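As stored in protein-v7.cif (mmCIF, C-alpha atoms):
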data_upload
loop_
_atom_site.label_atom_id
_atom_site.label_comp_id
_atom_site.auth_asym_id
_atom_site.auth_seq_id
_atom_site.Cartn_x
_atom_site.Cartn_y
_atom_site.Cartn_z
CA MET R 154 0.00 0.00 0.00
CA LEU R 155 1.41 3.38 -1.00
CA PRO R 156 1.80 6.20 1.50
CA ALA R 157 -0.95 8.76 1.53
CA GLY R 158 1.24 11.45 0.03
CA VAL R 159 2.36 9.48 -3.03
CA PRO R 160 -0.86 9.64 -5.16
CA ALA R 161 -1.04 13.38 -4.60
CA ALA R 162 2.56 13.71 -5.70
CA ARG R 163 1.83 11.73 -8.88
CA ARG R 164 -1.18 13.87 -9.72
CA LEU R 165 0.86 17.07 -9.27
CA ALA R 166 3.70 15.64 -11.36
CA ARG R 167 1.28 14.85 -14.21
CA GLY R 168 0.14 18.47 -13.97
CA GLY R 169 3.63 19.71 -14.78
CA ARG R 170 5.04 20.29 -11.29
CA ARG R 171 7.91 18.33 -9.77
CA LEU R 172 8.03 17.77 -6.06
CA SER R 173 10.67 16.07 -3.99
CA CYS R 174 9.56 13.05 -2.06
CA ALA R 175 11.39 14.53 0.93
CA ARG R 176 8.49 16.95 1.32
CA PHE R 177 6.19 14.04 2.20
CA VAL R 178 8.55 12.24 4.58
CA THR R 179 8.49 13.65 8.09
CA ALA R 180 10.28 11.76 10.87
CA VAL R 181 8.97 13.94 13.70
CA PRO R 182 5.97 16.26 13.40
CA PRO R 183 6.99 19.89 13.76
CA SER R 184 6.07 21.46 17.08
CA THR R 185 3.33 24.04 17.15
CA PRO R 186 4.76 27.46 17.99
CA GLY R 187 2.33 27.90 20.87
CA THR R 188 3.13 24.71 22.80
CA PRO R 189 4.73 24.94 26.26
CA ALA R 190 7.80 23.05 25.05
CA ASP R 191 8.41 25.70 22.39
CA HIS R 192 8.23 28.48 24.98
CA ARG R 193 10.70 26.68 27.22
CA VAL R 194 13.17 26.16 24.41
CA ARG R 195 12.78 29.76 23.30
CA PHE R 196 13.50 31.02 26.80
CA VAL R 197 16.60 28.83 27.11
CA LEU R 198 17.92 30.12 23.78
CA GLU R 199 17.32 33.75 24.76
CA PHE R 200 18.89 33.13 28.17
CA ALA R 201 21.96 31.57 26.54
CA ARG R 202 22.29 34.52 24.18
CA GLY R 203 22.04 36.91 27.10
CA LEU R 204 24.70 35.20 29.21
CA GLN R 205 27.08 35.02 26.24
CA THR R 206 26.52 38.68 25.41
CA CYS R 207 27.31 39.69 29.00
CA GLY R 208 30.67 37.89 28.90
CA ALA R 209 29.91 34.87 31.09
CA ALA R 210 32.57 32.17 31.22
CA ALA R 211 31.81 28.92 29.39
CA HIS R 212 31.59 26.71 32.48
CA ARG R 213 29.22 29.10 34.26
CA LEU R 214 27.08 29.53 31.14
CA GLU R 215 26.70 25.79 30.59
CA ASN R 216 25.97 25.12 34.27
CA ALA R 217 23.29 27.81 34.33
CA LEU R 218 21.62 26.46 31.19
CA GLU R 219 21.68 22.89 32.48
CA THR R 220 20.11 23.96 35.77
CA CYS R 221 17.43 25.87 33.87
CA THR R 222 16.49 23.05 31.49
CA ARG R 223 16.49 20.51 34.30
CA HIS R 224 13.98 22.63 36.22
CA LEU R 225 11.84 23.17 33.12
CA GLY R 226 11.83 19.46 32.29
CA VAL R 227 13.59 19.86 28.94
CA GLU R 228 16.25 17.37 27.92
CA ALA R 229 19.17 19.31 26.48
CA GLN R 230 22.94 19.48 26.06
CA PHE R 231 25.10 22.58 25.61
CA PHE R 232 28.52 23.44 24.28
CA ALA R 233 29.83 27.00 24.68
CA THR R 234 32.83 28.75 23.18
CA PRO R 235 33.81 32.44 23.44
CA THR R 236 31.95 33.24 20.20
CA SER R 237 29.15 30.67 19.94
CA VAL R 238 26.79 28.40 21.85
CA PHE R 239 25.45 25.06 20.61
CA CYS R 240 22.12 23.99 22.14
CA ALA R 241 20.79 20.47 21.43
CA PHE R 242 17.27 19.70 22.66
CA GLY R 243 15.73 16.25 22.82
CA PRO R 244 17.00 12.68 23.25
CA LEU R 245 20.04 11.35 21.42
CA GLY R 246 19.23 10.41 17.85
CA ALA R 247 16.38 12.90 17.59
CA GLN R 248 17.93 16.14 18.77
CA ASN R 249 16.97 19.57 17.55
CA VAL R 250 20.22 21.57 17.40
CA HIS R 251 20.46 25.37 17.50
CA LEU R 252 23.59 27.43 16.90
CA LEU R 253 23.92 30.87 18.47
CA ARG R 254 26.75 32.79 16.82
CA ILE R 255 27.54 35.66 19.18
CA ASP R 256 30.51 37.99 19.32
CA ALA R 257 30.66 38.47 23.07
CA GLY R 258 31.33 42.03 24.07
CA GLY R 259 32.72 43.31 27.32
CA VAL R 260 31.41 42.48 30.77
CA ASP R 261 27.96 43.99 31.38
CA LEU R 262 27.15 43.53 35.05
CA ARG R 263 23.80 45.35 34.94
CA ARG R 264 22.37 43.06 32.28
CA LEU R 265 23.90 40.03 33.99
CA THR R 266 22.16 40.99 37.23
CA GLU R 267 18.82 41.42 35.48
CA LEU R 268 19.23 38.06 33.73
CA TYR R 269 20.01 36.54 37.11
CA GLU R 270 16.76 37.96 38.52
CA VAL R 271 14.73 36.51 35.65
CA TRP R 272 16.43 33.16 36.11
CA GLY R 273 15.57 33.18 39.82
CA LEU R 274 11.91 33.90 39.08
CA VAL R 275 11.79 30.99 36.63
CA LEU R 276 13.42 28.60 39.10
CA ALA R 277 10.93 29.72 41.77
CA ASP R 278 8.01 29.10 39.34
CA ARG R 279 6.97 32.73 39.66
CA LEU R 280 7.47 33.49 35.96
CA GLY R 281 6.47 31.42 32.97
CA ALA R 282 8.86 30.56 30.15
CA ARG R 283 6.97 32.68 27.62
CA ASP R 284 7.06 35.82 29.77
CA ALA R 285 10.65 35.11 30.79
CA ALA R 286 11.77 34.95 27.16
CA ALA R 287 10.09 38.29 26.45
CA ARG R 288 11.72 39.84 29.50
CA VAL R 289 15.17 38.58 28.43
CA ARG R 290 14.67 40.12 24.99
CA GLY R 291 13.84 43.41 26.70
CA ILE R 292 17.00 43.21 28.83
CA LEU R 293 19.14 42.64 25.75
CA ALA R 294 17.55 45.48 23.78
CA PRO R 295 20.01 48.26 22.85
CA THR R 296 20.36 50.96 25.48
CA ALA R 297 22.01 54.34 25.53
CA PRO R 298 25.72 54.15 26.48
CA PRO R 299 27.11 56.18 29.40
CA PRO R 300 27.78 59.85 28.65
CA ARG R 301 30.98 60.35 26.67
CA LEU R 302 32.54 62.56 29.35
CA VAL R 303 31.88 60.01 32.11
CA TRP R 304 33.29 57.23 29.93
CA LEU R 305 36.48 59.18 29.25
CA LEU R 306 36.88 60.12 32.91
CA CYS R 307 36.65 56.47 33.86
CA HIS R 308 39.40 55.56 31.38
CA THR R 309 41.45 58.41 32.78
CA GLY R 310 40.96 57.24 36.35
CA ALA R 311 41.68 53.59 35.52
CA SER R 312 45.02 54.47 33.91
CA ALA R 313 45.99 56.89 36.70
CA THR R 314 45.27 54.34 39.43
CA ALA R 315 47.11 51.63 37.48
CA ALA R 316 50.18 53.87 37.44
CA CYS R 317 49.84 54.24 41.20
CA PHE R 318 49.58 50.47 41.66
CA LEU R 319 52.74 50.07 39.51
CA ALA R 320 54.70 52.29 41.93
CA GLY R 321 54.61 55.37 39.72
CA GLY R 322 55.07 58.90 40.96
CA ALA R 323 53.27 62.12 40.14
CA VAL R 324 54.76 62.31 36.63
CA GLU R 325 53.81 58.73 35.79
CA ILE R 326 50.29 59.14 37.17
CA GLY R 327 49.68 62.37 35.27
CA LEU R 328 51.04 61.06 31.97
CA ALA R 329 49.17 57.76 32.34
CA ALA R 330 45.94 59.66 32.97
CA ALA R 331 46.41 61.63 29.74
CA LEU R 332 47.18 58.44 27.82
CA GLY R 333 44.12 56.74 29.31
CA THR R 334 41.94 59.56 28.03
CA ALA R 335 43.45 59.15 24.56
CA VAL R 336 42.84 55.41 24.70
CA GLY R 337 39.22 56.01 25.64
CA LEU R 338 38.82 58.28 22.63
CA GLY R 339 40.52 55.72 20.40
CA LEU R 340 38.24 52.92 21.57
CA SER R 341 35.24 54.95 20.41
CA LEU R 342 36.64 54.52 16.87
CA ARG R 343 36.75 50.72 17.13
CA PRO R 344 33.79 50.14 14.76
CA ARG R 345 35.78 51.88 11.99
CA LEU R 346 39.28 50.69 12.86
CA ASP R 347 38.32 47.19 14.06
CA ARG R 348 41.30 45.17 15.33
CA VAL R 349 43.85 47.75 14.17
CA VAL R 350 42.93 50.00 17.09
CA GLU R 351 45.02 48.03 19.63
CA PRO R 352 48.42 48.27 17.90
CA LEU R 353 47.76 51.88 16.83
CA LEU R 354 46.99 53.00 20.37
CA ALA R 355 49.95 51.02 21.71
CA PHE R 356 52.21 52.70 19.15
CA ALA R 357 50.95 56.17 20.05
CA CYS R 358 51.31 55.63 23.81
CA ALA R 359 54.81 54.18 23.52
CA LEU R 360 55.92 57.00 21.20
CA VAL R 361 54.67 59.73 23.54
CA VAL R 362 56.18 58.14 26.65
CA THR R 363 59.53 57.57 24.91
CA LEU R 364 59.73 61.20 23.81
CA VAL R 365 58.77 62.48 27.26
CA ALA R 366 61.29 60.17 28.94
CA ARG R 367 64.11 61.98 27.13
CA HIS R 368 63.34 65.14 29.14
CA VAL R 369 61.64 64.00 32.34
CA PRO R 370 62.71 61.11 34.60
CA LEU R 371 59.93 58.52 34.64
CA LEU R 372 59.28 54.78 34.64
CA ARG R 373 58.77 54.19 30.93
CA GLU R 374 57.40 50.64 30.99
CA SER R 375 55.06 51.24 33.92
CA THR R 376 53.68 54.40 32.32
CA ILE R 377 53.05 52.67 28.97
CA ILE R 378 51.31 49.74 30.65
CA ALA R 379 49.18 52.04 32.80
CA GLY R 380 48.12 54.05 29.76
CA LEU R 381 47.13 50.86 27.94
CA ILE R 382 45.49 49.18 30.93
CA ALA R 383 42.06 49.25 29.26
CA LEU R 384 43.46 47.18 26.36
CA VAL R 385 45.56 44.67 28.31
CA PRO R 386 43.60 41.36 28.34
CA GLY R 387 44.56 40.26 31.83
CA PHE R 388 40.94 39.58 32.82
CA THR R 389 40.45 37.50 29.66
CA LEU R 390 43.58 35.52 30.51
CA THR R 391 42.23 34.77 33.99
CA ILE R 392 38.86 33.61 32.62
CA ALA R 393 40.65 31.37 30.12
CA MET R 394 42.67 29.75 32.88
CA ALA R 395 39.48 29.23 34.91
CA GLU R 396 37.76 27.54 31.94
CA LEU R 397 40.74 25.25 31.46
CA ALA R 398 40.76 24.42 35.17
CA HIS R 399 37.06 23.46 34.95
CA GLY R 400 37.75 21.12 32.02
CA HIS R 401 36.31 23.32 29.27
CA LEU R 402 39.32 22.85 27.01
CA ALA R 403 37.91 24.23 23.76
CA ALA R 404 36.58 27.45 25.27
CA GLY R 405 39.62 27.94 27.50
CA THR R 406 42.10 27.36 24.68
CA ALA R 407 40.26 29.66 22.30
CA ARG R 408 40.04 32.44 24.89
CA LEU R 409 43.68 31.93 25.85
CA MET R 410 44.81 32.26 22.24
CA GLY R 411 42.66 35.36 21.82
CA ALA R 412 44.37 36.95 24.82
CA ALA R 413 47.78 35.93 23.43
CA ILE R 414 47.04 37.56 20.07
CA THR R 415 45.98 40.78 21.81
CA PHE R 416 49.19 40.72 23.83
CA LEU R 417 51.20 40.29 20.62
CA LEU R 418 49.39 43.15 18.87
CA LEU R 419 50.02 45.46 21.81
CA THR R 420 53.65 44.37 22.06
CA VAL R 421 54.33 45.06 18.38
CA GLY R 422 52.74 48.49 18.69
CA VAL R 423 54.79 49.29 21.81
CA ALA R 424 58.03 48.05 20.24
CA VAL R 425 57.52 50.11 17.08
CA GLY R 426 56.57 53.20 19.11
CA VAL R 427 59.66 52.93 21.30
CA GLN R 428 61.91 52.43 18.28
CA VAL R 429 60.43 55.38 16.38
CA GLY R 430 60.69 57.59 19.46
CA THR R 431 64.33 56.62 19.93
CA GLU R 432 65.12 57.43 16.29
CA LEU R 433 63.32 60.78 16.44
CA MET R 434 65.04 61.84 19.66
CA PRO R 435 68.19 59.81 20.31
CA GLY R 436 69.77 59.87 23.72
CA ARG R 437 69.61 58.14 27.04
CA GLN R 438 66.45 57.88 29.05
CA MET R 439 66.56 59.92 32.25
CA PRO R 440 66.77 57.54 35.25
CA ALA R 441 63.85 57.13 37.63
CA THR R 442 63.24 54.98 40.70
CA ALA R 443 60.07 53.12 41.63
CA GLU R 444 58.75 53.86 45.10
CA PRO R 445 55.69 52.22 46.67
CA PRO R 446 52.86 54.73 47.06
CA PRO R 447 51.90 55.82 50.57
CA TRP R 448 48.87 54.12 52.09
CA PRO R 449 46.54 57.14 51.84
CA LEU R 450 47.26 57.46 48.12
CA LEU R 451 46.87 53.71 47.63
CA LEU R 452 43.50 53.65 49.39
CA ALA R 453 42.31 56.64 47.36
CA SER R 454 43.43 54.85 44.20
CA VAL R 455 41.45 51.77 45.21
CA VAL R 456 38.28 53.82 45.63
CA VAL R 457 38.78 55.66 42.32
CA ALA R 458 39.58 52.41 40.47
CA ALA R 459 36.49 50.73 41.91
CA LEU R 460 34.22 53.57 40.81
CA CYS R 461 35.78 53.54 37.34
CA PHE R 462 35.29 49.78 37.02
CA THR R 463 31.68 50.20 38.13
CA VAL R 464 31.06 52.35 35.05
CA LEU R 465 33.32 50.45 32.63
CA PHE R 466 31.72 47.13 33.62
CA ARG R 467 28.27 48.78 33.46
CA ALA R 468 27.30 47.80 36.99
CA ARG R 469 24.33 49.35 38.74
CA ALA R 470 24.87 52.42 40.88
CA CYS R 471 23.55 50.59 43.95
CA ASP R 472 26.38 48.04 43.59
CA ALA R 473 29.15 50.66 43.67
CA LYS R 474 29.76 50.34 47.42
CA PHE R 475 30.18 46.58 47.11
CA VAL R 476 32.59 47.04 44.19
CA VAL R 477 34.67 49.40 46.35
CA LEU R 478 34.65 46.84 49.15
CA SER R 479 35.74 44.07 46.76
CA CYS R 480 38.65 46.10 45.38
CA ALA R 481 39.78 47.02 48.90
CA VAL R 482 39.62 43.37 49.97
CA ALA R 483 41.61 42.41 46.86
CA VAL R 484 44.40 44.88 47.64
CA VAL R 485 44.59 43.96 51.33
CA GLY R 486 44.51 40.23 50.55
CA ALA R 487 47.16 40.59 47.86
CA GLU R 488 49.46 42.61 50.13
CA ALA R 489 49.11 40.03 52.89
CA GLY R 490 49.64 37.18 50.44
CA VAL R 491 52.74 38.76 48.92
CA ALA R 492 54.24 39.25 52.37
CA TRP R 493 53.42 35.64 53.26
CA LEU R 494 53.86 33.63 50.04
CA GLY R 495 55.76 35.89 47.65
CA PRO R 496 54.75 38.10 44.68
CA GLU R 497 53.35 35.32 42.46
CA LEU R 498 51.72 32.89 44.88
CA GLY R 499 50.53 35.74 47.07
CA MET R 500 47.79 36.51 44.56
CA PHE R 501 46.12 33.30 45.71
CA LEU R 502 45.08 34.96 48.96
CA GLY R 503 43.78 38.05 47.16
CA ALA R 504 41.70 35.95 44.74
CA PHE R 505 40.40 33.80 47.59
CA ALA R 506 39.28 36.90 49.49
CA VAL R 507 37.60 38.40 46.41
CA GLY R 508 35.92 35.14 45.42
CA GLY R 509 34.70 34.44 48.95
CA LEU R 510 33.29 37.94 49.32
CA GLY R 511 31.60 37.74 45.91
CA ASN R 512 29.99 34.38 46.72
CA TYR R 513 28.82 35.56 50.13
CA LEU R 514 27.25 38.71 48.70
CA ALA R 515 25.69 36.65 45.89
CA ARG R 516 24.04 34.36 48.43
CA THR R 517 22.81 37.13 50.72
CA ARG R 518 21.85 39.76 48.13
CA GLY R 519 20.62 37.48 45.35
CA THR R 520 22.97 38.93 42.73
CA PRO R 521 25.61 37.24 40.56
CA SER R 522 28.99 36.77 42.22
CA ALA R 523 30.61 38.44 39.21
CA VAL R 524 29.14 41.81 40.27
CA THR R 525 31.82 42.13 42.94
CA ALA R 526 34.33 39.49 41.86
CA ALA R 527 35.01 40.87 38.37
CA PRO R 528 36.04 44.40 39.45
CA GLY R 529 38.06 42.98 42.35
CA LEU R 530 39.97 40.67 40.04
CA MET R 531 40.86 43.61 37.79
CA VAL R 532 43.15 44.85 40.58
CA LEU R 533 44.91 41.48 40.64
CA VAL R 534 45.06 40.32 37.01
CA PRO R 535 48.53 39.68 35.54
CA GLY R 536 48.09 41.71 32.36
CA SER R 537 50.94 44.12 33.07
CA LEU R 538 53.33 41.23 33.65
CA GLY R 539 52.32 39.72 30.31
CA LEU R 540 53.04 42.93 28.44
CA ARG R 541 56.38 43.29 30.22
CA SER R 542 57.42 39.75 29.30
CA LEU R 543 56.57 40.16 25.61
CA ALA R 544 58.35 43.53 25.52
CA SER R 545 61.47 41.87 26.94
CA LEU R 546 61.32 39.17 24.27
CA VAL R 547 61.01 41.79 21.53
CA GLU R 548 64.07 43.59 22.92
CA SER R 549 66.03 40.28 22.70
CA ASP R 550 66.18 39.96 26.48
CA THR R 551 65.05 36.34 26.24
CA LEU R 552 65.90 35.28 29.77
CA VAL R 553 63.98 38.13 31.39
CA GLY R 554 61.07 37.64 28.98
CA LEU R 555 60.75 33.93 29.68
CA ARG R 556 61.03 34.51 33.42
CA SER R 557 58.28 37.14 33.23
CA ALA R 558 56.08 34.90 31.06
CA PHE R 559 56.40 32.10 33.58
CA GLY R 560 55.51 34.61 36.28
CA VAL R 561 52.35 35.54 34.33
CA LEU R 562 51.21 31.91 34.20
CA LEU R 563 52.03 31.42 37.86
CA VAL R 564 50.03 34.50 38.86
CA ALA R 565 47.09 33.40 36.67
CA CYS R 566 47.16 29.92 38.19
CA SER R 567 47.29 31.44 41.68
CA LEU R 568 44.23 33.57 40.89
CA VAL R 569 42.27 30.64 39.50
CA THR R 570 43.21 28.39 42.42
CA GLY R 571 42.09 31.07 44.87
CA LEU R 572 38.74 31.34 43.09
CA LEU R 573 38.29 27.55 43.02
CA VAL R 574 38.97 27.26 46.74
CA ALA R 575 36.63 30.19 47.43
CA ASN R 576 33.85 28.54 45.40
CA PHE R 577 34.33 25.36 47.43
CA VAL R 578 34.38 27.07 50.83
CA VAL R 579 31.66 29.69 50.23
CA ARG R 580 28.77 28.41 48.14
CA THR R 581 26.56 30.76 46.15
CA GLY R 582 23.66 28.37 45.61
CA ARG R 583 23.66 29.07 41.87
CA ASP R 584 26.02 28.83 38.92
CA VAL R 585 26.55 32.41 37.69
#
Could the structure of this file be written out as structure tokens, please?
Amino acid sequence: MLPAGVPAARRLARGGRRLSCARFVTAVPPSTPGTPADHRVRFVLEFARGLQTCGAAAHRLENALETCTRHLGVEAQFFATPTSVFCAFGPLGAQNVHLLRIDAGGVDLRRLTELYEVWGLVLADRLGARDAAARVRGILAPTAPPPRLVWLLCHTGASATAACFLAGGAVEIGLAAALGTAVGLGLSLRPRLDRVVEPLLAFACALVVTLVARHVPLLRESTIIAGLIALVPGFTLTIAMAELAHGHLAAGTARLMGAAITFLLLTVGVAVGVQVGTELMPGRQMPATAEPPPWPLLLASVVVAALCFTVLFRARACDAKFVVLSCAVAVVGAEAGVAWLGPELGMFLGAFAVGGLGNYLARTRGTPSAVTAAPGLMVLVPGSLGLRSLASLVESDTLVGLRSAFGVLLVACSLVTGLLVANFVVRTGRDV
């Protein structure tokens, strides 16, 4: 007996139309767009897109999605990379696979907090999947960026405080602040310059600092790094190490190579800028000595850096006080750890303090741990060491470069270990 669709196909073929038999063979009936299962899948896809857009790490993103689908009663598997998320729904052999191709931007703590709130309402059965998906789409809708002046002031403050953390004096802090403002202006041109913006800004900063160093005694390397602090991918390097430590090899390796390429682009720009500056104005650099900043200046720098990171990470204004607390805890923990364990392993104590505080606040306030952990880690990340090591390799100082590169990996491993121990000791109750 022929299938029901075959006679109709023959009649249409005799009428002059050709149809593929594949049109009449359907393994699984398509789901009706209004069914509950469709709403649940739609919400999970929107939620995955939101977490990826806000810069969530792969292991946290996958854990959050698995918890969500398990609560909704949807069988699913997920695979996340820094630029895409694969979502497979259904049993093996009959899965419906979706690919979300997303170029993750910077960390957006406000949107991440709002996504966290929606997720909590879904897990508490206080919000249906259909309404949750609509709310996620509203959260991810384009919003007005911070005012240009505020954005530039935050870049200025971040570079100035970085110079203070790198034992710079008044000259280094002032010059780094000016360079940070220029970097903030240059980043606004990223849509037109694309990936060329990093080496161009590195070249400009290195050229200016090299020319100034011929007349004024200053710490050249520290000033260049402080001016470029917004471009140094130290936070990306730390996330990559965390993904590798959690067994997410593909995402961790991809993110690690992305950070390495950014380091190389910045290093080439710095090397060319220093060489051009030396050719334009030959002579010896005026000597300068690094002196640790006094405690009042260091504490003021912590507060200013925390407020700048609150804006640059797009956190809510009500979270600013907790960001300040996290950065202060990071500095105190790092200082105690360095005095106890040394400059590389001492970062373990700082990361443990930041991670523990972030998890505690996440459990008591109902916000993501990243709201306080991400800005606190920015004070500890080994980005400046990475740029120093690559600069030493470019200048043919191989031994110093390799020693610094090993120091970068050791600091990154110390940070990740501190966060892992903090996650084990202080539980958040959720996965973001």
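Of the residues under consideration (R:Ala523, R:Ile414, R:Ala241, R:Ala313), R:Ala523 shows the shortest atom-to-atom contact distance to Tyr269 (chain R) when counting only C-alpha atoms.
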**Report entry** Contact residues around Cys461 (chain R) with only C-alpha atoms at 10 Å, ignoring same-chain residues under 4 positions, as a list in words
**Finding:** Val303, Trp304, Leu305, Leu306, Cys307, His308, Thr309, Gly310, Ala311, Ser312, Thr314, Val455, Val456, Val457, Leu465, Phe466, Arg467, Ala473, Val476, Val477 and Pro528 of chain R
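Nearest residue to Ala315 (chain R), choosing from R:Leu218, R:Leu397, R:Val532, R:Ala527 and counting all atoms listed in the file: R:Val532.
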Query raised in the report: If we count only C-alpha atoms, what is near region 363-376 of chain R at a cut-off of 12 Å, once residues fewer than 5 positions away on the same chain are taken out, given as number ranges by chain?
Result: R: 312-333, 355-358, 381-382, 420, 423-444, 536-538, 540-545
Requested in this report: Translate the PyMOL selection byres ((chain R and resi 390-396) around 10), as applied to the file shown, into an explicit residue set as a PyMOL selection string.
Outcome: chain R and resi 208-213+235+385-389+397-413+530-531+533-536+539+561-562+564-570+572-573
Could I get region 472-491 of chain R from the block written out with N, CA and C atoms, as a compact mmCIF listing (two decimals), in the first residue's frame?
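Now in out25.txt:
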# COMPACT_ATOMS: atom_id res chain seq x y z
N ASP R 472 25.33 49.02 43.33
CA ASP R 472 26.38 48.04 43.59
C ASP R 472 27.75 48.67 43.76
N ALA R 473 27.84 50.00 43.63
CA ALA R 473 29.15 50.66 43.67
C ALA R 473 29.85 50.44 45.01
N LYS R 474 29.12 50.50 46.10
CA LYS R 474 29.76 50.34 47.42
C LYS R 474 30.32 48.93 47.59
N PHE R 475 29.67 47.94 47.01
CA PHE R 475 30.18 46.58 47.11
C PHE R 475 31.39 46.38 46.19
N VAL R 476 31.42 47.09 45.07
CA VAL R 476 32.59 47.04 44.19
C VAL R 476 33.79 47.66 44.90
N VAL R 477 33.58 48.78 45.58
CA VAL R 477 34.67 49.40 46.35
C VAL R 477 35.18 48.44 47.42
N LEU R 478 34.25 47.80 48.11
CA LEU R 478 34.65 46.84 49.15
C LEU R 478 35.45 45.68 48.55
N SER R 479 35.03 45.18 47.40
CA SER R 479 35.74 44.07 46.76
C SER R 479 37.15 44.47 46.36
N CYS R 480 37.31 45.66 45.77
CA CYS R 480 38.65 46.10 45.38
C CYS R 480 39.55 46.31 46.60
N ALA R 481 38.98 46.84 47.68
CA ALA R 481 39.78 47.02 48.90
C ALA R 481 40.20 45.67 49.47
N VAL R 482 39.28 44.71 49.49
CA VAL R 482 39.62 43.37 49.97
C VAL R 482 40.69 42.74 49.09
N ALA R 483 40.61 42.97 47.78
CA ALA R 483 41.61 42.41 46.86
C ALA R 483 43.00 42.96 47.16
N VAL R 484 43.09 44.27 47.38
CA VAL R 484 44.40 44.88 47.64
C VAL R 484 44.96 44.40 48.98
N VAL R 485 44.12 44.39 50.02
CA VAL R 485 44.59 43.96 51.33
C VAL R 485 45.00 42.48 51.29
N GLY R 486 44.17 41.65 50.64
CA GLY R 486 44.51 40.23 50.55
C GLY R 486 45.78 39.99 49.75
N ALA R 487 45.95 40.75 48.66
CA ALA R 487 47.16 40.59 47.86
C ALA R 487 48.41 41.03 48.62
N GLU R 488 48.31 42.15 49.35
CA GLU R 488 49.46 42.61 50.13
C GLU R 488 49.83 41.59 51.20
N ALA R 489 48.83 41.04 51.88
CA ALA R 489 49.11 40.03 52.89
C ALA R 489 49.68 38.76 52.26
N GLY R 490 49.14 38.38 51.11
CA GLY R 490 49.64 37.18 50.44
C GLY R 490 51.06 37.34 49.93
N VAL R 491 51.38 38.52 49.40
CA VAL R 491 52.74 38.76 48.92
C VAL R 491 53.73 38.71 50.08
